[in-house]
Each structure stands twice: as C-alpha cells, then as structure tokens.
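Here the structure comes first, spelled out in structure tokens, and everything after it is commentary.
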Amino acid sequence: MTETARGTDPLTETTIAELREIAARYPQARSGLLPMLHLVQSAQGRITPEGIEACAAVLDITPAEVSGVATFYTMYKRRLVGDYHVGVCTNTLCAVMGGDEIFASLKEHLGIGNDETTEDGTVSLEHVECNAACDYAPVVMVNWEFFDGQTPASARELVDELRAGRPVRPTRGADRVCTWREAERVLAGFPDDRADQGPGAGEASLAGLRIARERGWSAPSATTDEQHHSEPEPDSSSEAAVAADEQADTSRAESEAKVAEEKSDD
Ligand code: FES
C-alpha cells in the first residue's frame, strides 16, 4: 500500500488543543516544540506541513523554525511510519555482534530498504544508533521497546508476529508493544500508565551492582566530590571524608588485586 493510499489523518480540534496544552507546560512555550512534534506524529503518522504550521501558530514562531527542528532529529519522520517502527542497532558493538546481519536479513525478508515501510503499512525498518543497551547486543527496538540479544532468525520471527497482528512482548519494559502512534503520544507527554511495567534492567546490567554489593564497594559521595573541588583548605570533616575515600579506593584496589590473583591461579 502506498503512503497516499494509507493517508494522513487531518489534525483535529482536540489535537490542536493538546498542542496548546503542551506549550503551556513550559515557562518558555517554544520549549514544548519537541513533545508537540511527537504529538503531531501520533495524530498524523509523520511530520506533515499541516503539523508544522500548527506548531508554529501555537508557539508564535515561523514554520521554518519548526521545520529546522523537525528535520534535525532522526526521531521525527517526514514519511508515513508503519504501525511498528523496527530499529536495528548497527552501531559499533551491536554491529560486530550481528546487528549488520540482522539488518540485512530483515531488509530481504520484508522486501524494503532503510527508512521504508512494508506495503501493508505494518512495519517500518530503520538502522538506528546506539540505544545504550550494548550489554544486550545485538539489540532490536520496536517502537522504542527493547528486544535483546537478537539473531537474524529471531528478528524475522519478531516482524512476522507483528505483521500477523499477534501481541509481542519486549525483553524488558512494558508487557506488550503498543503501536508507533501510541508510543508517540507517550513521548508527547501523555502517559499510558505502563511505564513501570516489566523489568527495567536485566542480568547483564545488574551484574556490576551485584558484584559491588558482594565485595562492599561503593562510589564516593557527591558531597565529598563537591568538597574536593570547592574547598581548597579542607576542614576536619572533609579530611575525614577524603580519608574514607582513600580507604574505599584502597579496599577496591585490594579486591581487584585479589580477583586478579584468583584468576591467575585458575
Ligand atoms: S551499540 Fe547497540 S545498543 Fe549500544
């Protein structure tokens, strides 16, 4: 199905009112432009000339200023996006762990290229930059929900499930993937109350925390750091804090040395 055949919904009075509501949240109304553009995408499936004009009118700035922002950030789309935006991370770590193969496999499987949408309007494919989930590489995102440790086969299965309209559960986060337009509404600042669903972090992210707890490691406090930088002549309390830091550093170094010794014994 072509973009024209799928169509773009015109902006409603309700959406215009919500654009004003977003702008009113900020001391400087134009600070609301980013979430306003997400709302336009939620309502129309992309950034349209009508959406640009509407944002400009609400913020009393020029359409050129809105367009300059909308064309700068990759999360704003000029082409109609499908129900599911599938982003394959092809940044360094994911790429070497198989992201490039996943992306190539999905391109062939779906019959579309980068930043294109399937004929049925269900799936848009895009290679995306690092999503700060490198410990689960290679990562695929569907409407910005994480699918960790993917393979070409699992990614093909994932898009088949999406195209068949079956509910799909991400590895972390919400209990199901919503549509791209629903996700855009959340990014516009209209929560769907699912932010606390599901696990927020997996074992790979928590491993460092677990090891630190087991070994009694802790980070220096922010207060101590400030004292280091703002007080050239430390008083007795900051001297005590510095001594505590040094003790922590010593303990950490001793623990690391012990681990290294244990490894060399193995
Ligand atoms: S490189 Fe893919 S999430 Fe960081």
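Going by the structure tokens order, chains are called A, B, ..., each with residues numbered from 1, while ligands are numbered from 1 in the order shown.
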| field | Filtered DSSP result for range 79-252 of chain A, state strand (DSSP E or B), as a list in words | value | Tyr84, His85, Val86, Gly87, Val88, Cys89, Glu116, Thr117, Val123, Ser124, Leu125, Glu126, His127, Val128, Val140, Met141, Val142, Glu145, Phe146 and Phe147 of chain A
(Q) DSSP on the backbone, helix (DSSP H, G or I) only: what residues of range 7-73 of chain A does that give? Format it as a ChimeraX atom specification. (A) /A:13-23,29-44,49-59,63-70
Would you export the selected residues with N, CA and C atoms as a short mmCIF file (atom, residue, chain, number, x, y, z; two decimals), in the first residue's frame, please?
data_model
loop_
_atom_site.label_atom_id
_atom_site.label_comp_id
_atom_site.auth_asym_id
_atom_site.auth_seq_id
_atom_site.Cartn_x
_atom_site.Cartn_y
_atom_site.Cartn_z
N GLU A 13 -9.50 19.35 16.17
CA GLU A 13 -9.51 20.41 17.20
C GLU A 13 -8.93 19.90 18.51
N THR A 14 -9.19 18.62 18.79
CA THR A 14 -8.66 18.02 20.02
C THR A 14 -7.14 18.05 20.01
N THR A 15 -6.55 17.70 18.88
CA THR A 15 -5.08 17.70 18.80
C THR A 15 -4.54 19.12 18.92
N ILE A 16 -5.18 20.08 18.28
CA ILE A 16 -4.73 21.47 18.40
C ILE A 16 -4.78 21.91 19.87
N ALA A 17 -5.85 21.53 20.56
CA ALA A 17 -5.97 21.88 21.98
C ALA A 17 -4.85 21.22 22.78
N GLU A 18 -4.50 19.98 22.44
CA GLU A 18 -3.42 19.29 23.15
C GLU A 18 -2.05 19.92 22.84
N LEU A 19 -1.89 20.42 21.62
CA LEU A 19 -0.64 21.14 21.30
C LEU A 19 -0.51 22.36 22.20
N ARG A 20 -1.62 23.07 22.38
CA ARG A 20 -1.60 24.25 23.27
C ARG A 20 -1.31 23.83 24.71
N GLU A 21 -1.90 22.69 25.09
CA GLU A 21 -1.69 22.19 26.46
C GLU A 21 -0.21 21.89 26.70
N ILE A 22 0.45 21.31 25.72
CA ILE A 22 1.89 21.01 25.87
C ILE A 22 2.67 22.32 26.00
N ALA A 23 2.39 23.26 25.10
CA ALA A 23 3.12 24.54 25.13
C ALA A 23 2.97 25.24 26.48
N ALA A 29 7.23 28.88 26.02
CA ALA A 29 6.36 27.95 25.27
C ALA A 29 7.11 27.16 24.22
N ARG A 30 8.10 27.76 23.55
CA ARG A 30 8.77 27.06 22.46
C ARG A 30 9.58 25.87 22.95
N SER A 31 9.81 25.81 24.28
CA SER A 31 10.48 24.62 24.83
C SER A 31 9.63 23.37 24.64
N GLY A 32 8.34 23.56 24.36
CA GLY A 32 7.45 22.42 24.17
C GLY A 32 7.47 21.86 22.75
N LEU A 33 8.30 22.42 21.89
CA LEU A 33 8.23 22.01 20.49
C LEU A 33 8.51 20.52 20.28
N LEU A 34 9.50 19.96 20.99
CA LEU A 34 9.83 18.55 20.76
C LEU A 34 8.65 17.63 21.08
N PRO A 35 8.05 17.73 22.29
CA PRO A 35 6.86 16.89 22.52
C PRO A 35 5.70 17.23 21.60
N MET A 36 5.57 18.48 21.18
CA MET A 36 4.49 18.83 20.25
C MET A 36 4.67 18.10 18.92
N LEU A 37 5.90 18.00 18.48
CA LEU A 37 6.15 17.27 17.22
C LEU A 37 5.84 15.78 17.38
N HIS A 38 6.12 15.24 18.57
CA HIS A 38 5.73 13.84 18.81
C HIS A 38 4.21 13.69 18.74
N LEU A 39 3.49 14.69 19.25
CA LEU A 39 2.02 14.60 19.20
C LEU A 39 1.53 14.66 17.76
N VAL A 40 2.17 15.49 16.95
CA VAL A 40 1.81 15.53 15.53
C VAL A 40 2.01 14.15 14.89
N GLN A 41 3.11 13.51 15.24
CA GLN A 41 3.37 12.17 14.68
C GLN A 41 2.33 11.17 15.17
N SER A 42 1.93 11.32 16.43
CA SER A 42 0.91 10.43 16.97
C SER A 42 -0.41 10.59 16.22
N ALA A 43 -0.73 11.83 15.89
CA ALA A 43 -2.02 12.12 15.24
C ALA A 43 -1.99 11.83 13.75
N GLN A 44 -0.83 12.08 13.11
CA GLN A 44 -0.80 12.02 11.65
C GLN A 44 0.15 10.97 11.08
N PRO A 49 3.29 19.07 6.66
CA PRO A 49 3.28 20.53 6.57
C PRO A 49 2.20 21.15 7.45
N GLU A 50 1.03 20.47 7.53
CA GLU A 50 -0.05 20.97 8.39
C GLU A 50 0.38 20.98 9.85
N GLY A 51 1.08 19.93 10.27
CA GLY A 51 1.56 19.84 11.65
C GLY A 51 2.60 20.91 11.96
N ILE A 52 3.46 21.17 10.98
CA ILE A 52 4.48 22.22 11.16
C ILE A 52 3.81 23.59 11.32
N GLU A 53 2.82 23.83 10.46
CA GLU A 53 2.10 25.11 10.54
C GLU A 53 1.38 25.26 11.89
N ALA A 54 0.78 24.16 12.35
CA ALA A 54 0.03 24.21 13.60
C ALA A 54 0.97 24.50 14.78
N CYS A 55 2.11 23.83 14.82
CA CYS A 55 3.08 24.08 15.91
C CYS A 55 3.55 25.53 15.88
N ALA A 56 3.84 26.02 14.66
CA ALA A 56 4.32 27.39 14.52
C ALA A 56 3.27 28.39 15.02
N ALA A 57 1.99 28.12 14.67
CA ALA A 57 0.92 29.04 15.08
C ALA A 57 0.77 29.04 16.61
N VAL A 58 0.82 27.86 17.22
CA VAL A 58 0.66 27.78 18.68
C VAL A 58 1.81 28.48 19.39
N LEU A 59 3.02 28.33 18.85
CA LEU A 59 4.21 28.87 19.52
C LEU A 59 4.56 30.29 19.07
N PRO A 63 7.16 28.75 10.56
CA PRO A 63 7.20 27.35 10.12
C PRO A 63 8.64 26.90 9.82
N ALA A 64 9.46 27.82 9.34
CA ALA A 64 10.86 27.47 9.04
C ALA A 64 11.60 27.05 10.32
N GLU A 65 11.29 27.74 11.42
CA GLU A 65 11.93 27.37 12.70
C GLU A 65 11.48 25.99 13.15
N VAL A 66 10.20 25.70 12.99
CA VAL A 66 9.70 24.36 13.35
C VAL A 66 10.33 23.32 12.44
N SER A 67 10.35 23.61 11.16
CA SER A 67 10.90 22.66 10.19
C SER A 67 12.37 22.38 10.48
N GLY A 68 13.09 23.42 10.89
CA GLY A 68 14.52 23.25 11.20
C GLY A 68 14.73 22.23 12.31
N VAL A 69 13.84 22.23 13.29
CA VAL A 69 13.93 21.26 14.39
C VAL A 69 13.49 19.88 13.92
N ALA A 70 12.38 19.85 13.19
CA ALA A 70 11.81 18.57 12.76
C ALA A 70 12.74 17.81 11.81
#
Show me which residues line ligand 1, defined as having an atom within 7 Å of a ligand atom where only C-alpha atoms and all ligand atoms count, and present them as number ranges by chain. A: 89-94, 129-134, 137-139
task = List the neighbours of range 181-184 of chain A out to 12 Å using only C-alpha atoms; skip same-chain residues closer than 2 positions along the sequence, and give me the result as a PyMOL selection string.
result = chain A and resi 9+34-47+75-77+80-85+122+142-145+174+176-179+186-195
Kindly export the residues of the current selection with C-alpha atoms, as a CSV table (one decimal), in the first residue's frame.
chain,number,residue,atom,x,y,z
A,9,ASP,CA,-5.3,12.0,9.1
A,34,LEU,CA,9.8,18.5,20.8
A,35,PRO,CA,6.9,16.9,22.5
A,36,MET,CA,4.5,18.8,20.3
A,37,LEU,CA,6.1,17.3,17.2
A,38,HIS,CA,5.7,13.8,18.8
A,39,LEU,CA,2.0,14.6,19.2
A,40,VAL,CA,1.8,15.5,15.5
A,41,GLN,CA,3.4,12.2,14.7
A,42,SER,CA,0.9,10.4,17.0
A,43,ALA,CA,-2.0,12.1,15.2
A,44,GLN,CA,-0.8,12.0,11.6
A,45,GLY,CA,1.8,9.3,11.5
A,46,ARG,CA,4.5,11.7,10.4
A,47,ILE,CA,5.5,15.3,10.5
A,75,MET,CA,13.0,10.6,15.6
A,76,TYR,CA,10.9,12.9,13.5
A,77,LYS,CA,9.7,11.3,10.3
A,80,LEU,CA,4.4,7.9,7.0
A,81,VAL,CA,5.6,5.3,9.6
A,82,GLY,CA,4.0,1.9,9.9
A,83,ASP,CA,2.3,0.5,12.9
A,84,TYR,CA,5.6,-0.8,14.1
A,85,HIS,CA,8.9,1.0,13.8
A,122,THR,CA,2.6,-2.6,9.3
A,142,VAL,CA,10.2,-2.0,18.2
A,143,ASN,CA,8.6,1.4,18.9
A,144,TRP,CA,11.5,2.0,21.3
A,145,GLU,CA,10.9,-1.2,23.3
A,174,ALA,CA,6.1,-2.9,29.1
A,176,ARG,CA,3.3,-5.6,25.2
A,177,VAL,CA,4.4,-3.5,22.3
A,178,CYS,CA,2.0,-0.7,21.5
A,179,THR,CA,1.6,0.9,18.1
A,186,VAL,CA,3.6,8.9,25.3
A,187,LEU,CA,6.7,10.7,24.1
A,188,ALA,CA,4.4,13.8,23.7
A,189,GLY,CA,3.8,13.6,27.5
A,190,PHE,CA,0.5,11.8,27.6
A,191,PRO,CA,1.4,8.7,29.7
A,192,ASP,CA,-0.3,5.4,29.1
A,193,ASP,CA,0.5,4.3,32.7
A,194,ARG,CA,2.6,1.4,31.6
A,195,ALA,CA,6.0,3.0,32.4
note - CA of Thr71 in chain A and CA of Asp115 in chain A are separated by 14.3 Å
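Between CA of Val88 in chain A and CA of Gln150 in chain A there is a distance of 9.6 Å.
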Expressed in Å, the length from CA of Glu101 in chain A to CA of Arg156 in chain A is 11.5 Å
Tell me which protein, DNA and RNA residues are within 10 Å of Ala155 in chain A, counting only C-alpha atoms, leaving out same-chain ones fewer than 4 positions away, and put them as a PyMOL selection string. chain A and resi 86+88+102-103+105-106+109+139-140+147+149-151+159-161
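Look at Gly202 in chain A: the protein and nucleic acid residues within 10 Å of it, using only C-alpha atoms and passing over chain neighbours fewer than 6 places away, are Asp135, Tyr136, Asp148, Thr171 and Arg172 of chain A.
Candidate residues A:Arg78, A:Asp60, A:Trp180, A:Pro199 were compared for distance to Glu116 in chain A, and the nearest is A:Arg78, using only C-alpha atoms.
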